[in-house]
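The next block holds one structure in the form of structure tokens; read it before the comments.
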Amino acid sequence: MPDAMAQGFFITGTDTGVGKTVVSAAFAALFKKRGLDVGVMKPIQTGCASRGNDRIASDARFLMRAAEVDDALDRVCPYRFKDPVAPWVAAEREGVAIELDRIASAYEFLSSRHRIMVVEGIGGLLTPITPTLAAMDLARLLKLPLVVVASTRLGTLNHTLLTVRWAHQAGARVLGVVFNHPIRSAPSLAEKTNPEVFSRLSSVPILGMLPFTAGMSVERGRLGRVRGLGDHLNEGLHHLGIELNP
Ligand SMILES: Nc1ncnc2c1ncn2[C@@H]1O[C@H](COP(=O)(O)OP(=O)(O)O)[C@@H](O)[C@H]1O
Ligand SMILES: [Mg+2]
């Protein structure tokens, strides 16, 4: 890749709905606060609502607002599908073949214009985007290390360890895990203890823990206090290995 390209990372999750978009937006807001020009990408989004001929990509819109960028939506989110299913299925139902080259050239364009790129993945690592390629192949194609978002809820130890071990087995670099609490209820015993137990079972660092924050909605485009959530990632930043001086 050319020297002028941004440093970046690929935010994957243990599942859909765990908080990838919120964590990506929180990172983007934190970089902005540190004076760094950050670009965002959500290469494929499914379950897009339609407005006229347009497809509303709520994740991409949320990320663009958090990063305060005005890049073309076709670059930030080149593939926007209607049905709320995995990309391969959604694309097939619309008679479209997802071309990784198109995603790679959009990434190349954006990363030549920004210092840091935050790319939100699709579902988890093995979410299919074509019959033969999964989300993690996209991270590999873009040469991006991974950040894993996990929820704190019961079951997360299994999901998070599976994700991290599979990533390592496939030769990917995992920079760290962010534990997010996406539900309003007070943390249960499992939710309180899971991050600490994870850290005893894995050498992958925890980059931060995000509490539930009322008034924020990715689907409704309400940023709420997502910028404040960025502060919870401050201490883990050094694990990302990025140059933080503007
Ligand atoms: N820390 C949080 N506080 C409040 N709401 C959250 C938090 N994290 C996620 N959410 C909400 O939970 C839902 C799923 O989060 P999202 O980031 O879209 O997950 P993913 O990108 O992994 O599918 C969204 O409605 C989002 O607004
Ligand atoms: Mg998302």
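Simple scheme: letters A, B, ... for chains in structure tokens order, numbers from 1 for residues in each chain, numbers from 1 for ligands in the order shown.
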
**Request:** Extract the full set of helix (DSSP H, G or I) residues from region 35-131 of chain A according to DSSP on the backbone, and format it as a ChimeraX atom specification.
**Result:** /A:58-67,73-76,87-93,100-111

Could you list, with a cut-off of 7 Å and counting only C-alpha atoms and all ligand atoms, the residues of chain A near ligand 1, each shown with its nearest atom pair and the distance in Å rounded to one decimal, rows sorted by chain and ascending number, as CSV?
residue,atom,partner,partner_atom_place_in_ligand_line,distance
A:Gly13,CA,ligand 1,22 (O),6.1
A:Asp15,CA,ligand 1,22 (O),6.5
A:Thr16,CA,ligand 1,23 (O),4.2
A:Gly17,CA,ligand 1,23 (O),3.3
A:Val18,CA,ligand 1,22 (O),4.1
A:Gly19,CA,ligand 1,17 (O),3.1
A:Lys20,CA,ligand 1,21 (O),3.7
A:Thr21,CA,ligand 1,17 (O),3.6
A:Val22,CA,ligand 1,17 (O),4.0
A:Val23,CA,ligand 1,17 (O),6.5
A:Asp59,CA,ligand 1,18 (O),6.8
A:Gly123,CA,ligand 1,22 (O),6.7
A:Asn180,CA,ligand 1,1 (N),5.6
A:His181,CA,ligand 1,1 (N),5.1
A:Pro182,CA,ligand 1,7 (C),3.8
A:Ile183,CA,ligand 1,4 (C),6.3
A:Leu210,CA,ligand 1,1 (N),5.4
A:Pro211,CA,ligand 1,1 (N),5.0
A:Phe212,CA,ligand 1,3 (N),3.4
A:Thr213,CA,ligand 1,3 (N),3.8
A:Ala214,CA,ligand 1,4 (C),5.4
A:Met216,CA,ligand 1,27 (O),5.3
A:Ser217,CA,ligand 1,27 (O),3.5
A:Val218,CA,ligand 1,27 (O),4.2
A:Glu219,CA,ligand 1,25 (O),5.8

**Residue neighbourhood Asp37 (chain A), 10 Å, only C-alpha atoms, exclusion window fewer than 5 positions, as a list in words** =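 The residues that qualify are Ala6, Ala28, Phe31, Lys32, Ala67, Glu68, Val69, Arg113, His114, Arg115, Ile116, Met117 and Pro246 of chain A.
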
Grab the residues selected above and save them as a compact mmCIF listing (two decimals), in the first residue's frame with all heavy atoms.
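The resulting file, result.txt, is shown below:
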# COMPACT_ATOMS: atom_id res chain seq x y z
N ALA A 6 -3.68 5.86 5.42
CA ALA A 6 -3.90 5.98 6.86
C ALA A 6 -3.59 4.68 7.58
O ALA A 6 -3.62 3.61 7.00
CB ALA A 6 -5.36 6.35 7.09
N ALA A 28 -13.91 6.97 16.82
CA ALA A 28 -13.81 8.10 15.88
C ALA A 28 -13.87 9.42 16.64
O ALA A 28 -13.07 10.34 16.39
CB ALA A 28 -14.94 8.02 14.84
N PHE A 31 -10.59 10.05 18.51
CA PHE A 31 -9.51 10.51 17.62
C PHE A 31 -9.70 11.98 17.24
O PHE A 31 -8.76 12.75 17.19
CB PHE A 31 -9.43 9.64 16.36
CG PHE A 31 -9.00 8.22 16.64
CD1 PHE A 31 -9.61 7.15 16.02
CD2 PHE A 31 -7.97 7.96 17.54
CE1 PHE A 31 -9.22 5.85 16.29
CE2 PHE A 31 -7.57 6.66 17.81
CZ PHE A 31 -8.20 5.60 17.20
N LYS A 32 -10.96 12.32 16.96
CA LYS A 32 -11.27 13.73 16.63
C LYS A 32 -10.83 14.65 17.77
O LYS A 32 -10.22 15.68 17.57
CB LYS A 32 -12.78 13.92 16.47
CG LYS A 32 -13.39 13.55 15.16
CD LYS A 32 -12.96 14.35 14.01
CE LYS A 32 -13.46 15.74 13.87
NZ LYS A 32 -12.93 16.35 12.64
N ALA A 67 -17.58 11.02 13.26
CA ALA A 67 -16.25 11.39 12.76
C ALA A 67 -16.26 12.77 12.11
O ALA A 67 -15.20 13.30 11.76
CB ALA A 67 -15.76 10.35 11.76
N GLU A 68 -17.47 13.32 11.92
CA GLU A 68 -17.64 14.63 11.27
C GLU A 68 -16.97 14.66 9.90
O GLU A 68 -16.17 15.54 9.59
CB GLU A 68 -17.09 15.75 12.16
CG GLU A 68 -17.82 15.86 13.50
CD GLU A 68 -17.15 16.84 14.44
OE1 GLU A 68 -16.99 18.01 14.04
OE2 GLU A 68 -16.78 16.43 15.56
N VAL A 69 -17.28 13.67 9.09
CA VAL A 69 -16.74 13.63 7.72
C VAL A 69 -17.88 13.84 6.72
O VAL A 69 -19.03 13.56 7.01
CB VAL A 69 -16.03 12.29 7.40
CG1 VAL A 69 -14.76 12.14 8.20
CG2 VAL A 69 -16.96 11.10 7.61
N ARG A 113 -6.99 10.10 2.29
CA ARG A 113 -7.48 11.43 2.71
C ARG A 113 -7.58 11.61 4.21
O ARG A 113 -7.90 12.69 4.69
CB ARG A 113 -8.85 11.68 2.07
CG ARG A 113 -8.71 12.25 0.69
CD ARG A 113 -9.91 12.03 -0.17
NE ARG A 113 -9.65 12.60 -1.48
CZ ARG A 113 -8.84 12.05 -2.39
NH1 ARG A 113 -8.22 10.91 -2.12
NH2 ARG A 113 -8.64 12.63 -3.56
N HIS A 114 -7.39 10.55 4.96
CA HIS A 114 -7.50 10.64 6.42
C HIS A 114 -6.27 10.04 7.08
O HIS A 114 -5.57 9.23 6.48
CB HIS A 114 -8.76 9.92 6.91
CG HIS A 114 -10.03 10.50 6.37
ND1 HIS A 114 -10.58 11.68 6.83
CD2 HIS A 114 -10.86 10.08 5.38
CE1 HIS A 114 -11.69 11.95 6.16
NE2 HIS A 114 -11.88 11.00 5.27
N ARG A 115 -6.04 10.43 8.34
CA ARG A 115 -4.89 9.92 9.08
C ARG A 115 -5.15 8.53 9.65
O ARG A 115 -4.26 7.69 9.75
CB ARG A 115 -4.61 10.86 10.27
CG ARG A 115 -3.62 11.96 9.97
CD ARG A 115 -2.17 11.48 9.97
NE ARG A 115 -1.76 10.73 11.15
CZ ARG A 115 -1.43 11.26 12.30
NH1 ARG A 115 -1.42 12.56 12.47
NH2 ARG A 115 -1.07 10.50 13.32
N ILE A 116 -6.38 8.31 10.11
CA ILE A 116 -6.75 7.03 10.73
C ILE A 116 -8.07 6.57 10.13
O ILE A 116 -8.97 7.38 9.92
CB ILE A 116 -6.92 7.19 12.25
CG1 ILE A 116 -5.58 7.57 12.88
CG2 ILE A 116 -7.46 5.92 12.89
CD1 ILE A 116 -5.60 7.64 14.38
N MET A 117 -8.16 5.30 9.85
CA MET A 117 -9.42 4.76 9.32
C MET A 117 -10.01 3.76 10.33
O MET A 117 -9.34 2.84 10.78
CB MET A 117 -9.16 4.01 8.01
CG MET A 117 -8.90 4.90 6.81
SD MET A 117 -10.31 5.93 6.34
CE MET A 117 -11.52 4.70 5.84
N PRO A 246 -0.98 14.71 16.16
CA PRO A 246 -1.56 15.16 14.90
C PRO A 246 -0.50 15.62 13.90
O PRO A 246 0.57 15.97 14.28
CB PRO A 246 -2.44 16.34 15.30
CG PRO A 246 -2.42 16.44 16.77
CD PRO A 246 -1.37 15.52 17.30

How close does each residue of region 36-112 of chain A get to region 220-242 of chain A, giving the shortest atom pair and distance in Å to one decimal for every residue with an atom at most 9 Å away, counting only C-alpha atoms, sorted by chain and residue number, as JSON lines?
{"residue": "A:Ser58", "atom": "CA", "partner": "A:Gly221", "partner_atom": "CA", "distance": 6.6}
{"residue": "A:Asp59", "atom": "CA", "partner": "A:Gly221", "partner_atom": "CA", "distance": 8.3}
{"residue": "A:Arg61", "atom": "CA", "partner": "A:Gly221", "partner_atom": "CA", "distance": 7.1}
{"residue": "A:Phe62", "atom": "CA", "partner": "A:Gly221", "partner_atom": "CA", "distance": 5.7}
{"residue": "A:Arg65", "atom": "CA", "partner": "A:Leu223", "partner_atom": "CA", "distance": 7.9}
{"residue": "A:Ala66", "atom": "CA", "partner": "A:Leu223", "partner_atom": "CA", "distance": 7.3}

Can you write out the residues you just picked, keeping N, CA and C atoms, as a compact mmCIF listing (two decimals), in the first residue's frame?
# COMPACT_ATOMS: atom_id res chain seq x y z
N SER A 58 -27.93 3.15 8.29
CA SER A 58 -27.90 3.84 9.60
C SER A 58 -26.52 3.77 10.26
N ASP A 59 -25.81 2.65 10.11
CA ASP A 59 -24.48 2.55 10.74
C ASP A 59 -23.54 3.58 10.12
N ARG A 61 -24.22 6.28 8.51
CA ARG A 61 -24.63 7.65 8.85
C ARG A 61 -24.17 8.02 10.26
N PHE A 62 -24.33 7.09 11.20
CA PHE A 62 -23.92 7.32 12.59
C PHE A 62 -22.41 7.55 12.67
N ARG A 65 -21.31 10.91 11.19
CA ARG A 65 -21.61 12.05 12.06
C ARG A 65 -20.65 12.10 13.23
N ALA A 66 -20.31 10.93 13.78
CA ALA A 66 -19.36 10.92 14.91
C ALA A 66 -17.98 11.39 14.47

**Item:** Given only C-alpha atoms and all ligand atoms as the counted atoms, nearest of A:Gly215, A:Gly47, A:Pro78, A:Pro195 to ligand 2
**Value:**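 Once distances to ligand 2 are computed over only C-alpha atoms and all ligand atoms, the minimum belongs to A:Gly47.
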
**Complete:** Counting only C-alpha atoms and all ligand atoms, closest pick from A:Ser112, A:Ser105, A:Thr130, A:Ser24 relative to ligand 2 is A:Ser24

**Asked** Given the choices A:His159, A:Glu120, A:Leu244, A:Met41, which gets closest to ligand 2 if the distance is worked out from only C-alpha atoms and all ligand atoms?
**Response**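 The shortest atom-to-atom distance to ligand 2 comes from A:Glu120.
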
**Message:** When you count only C-alpha atoms and all ligand atoms, which of these residues is closest to ligand 2: A:Ala106, A:Met64, A:Ile122, A:Arg80?
**Reply:**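 The shortest atom-to-atom distance to ligand 2 comes from A:Ile122.
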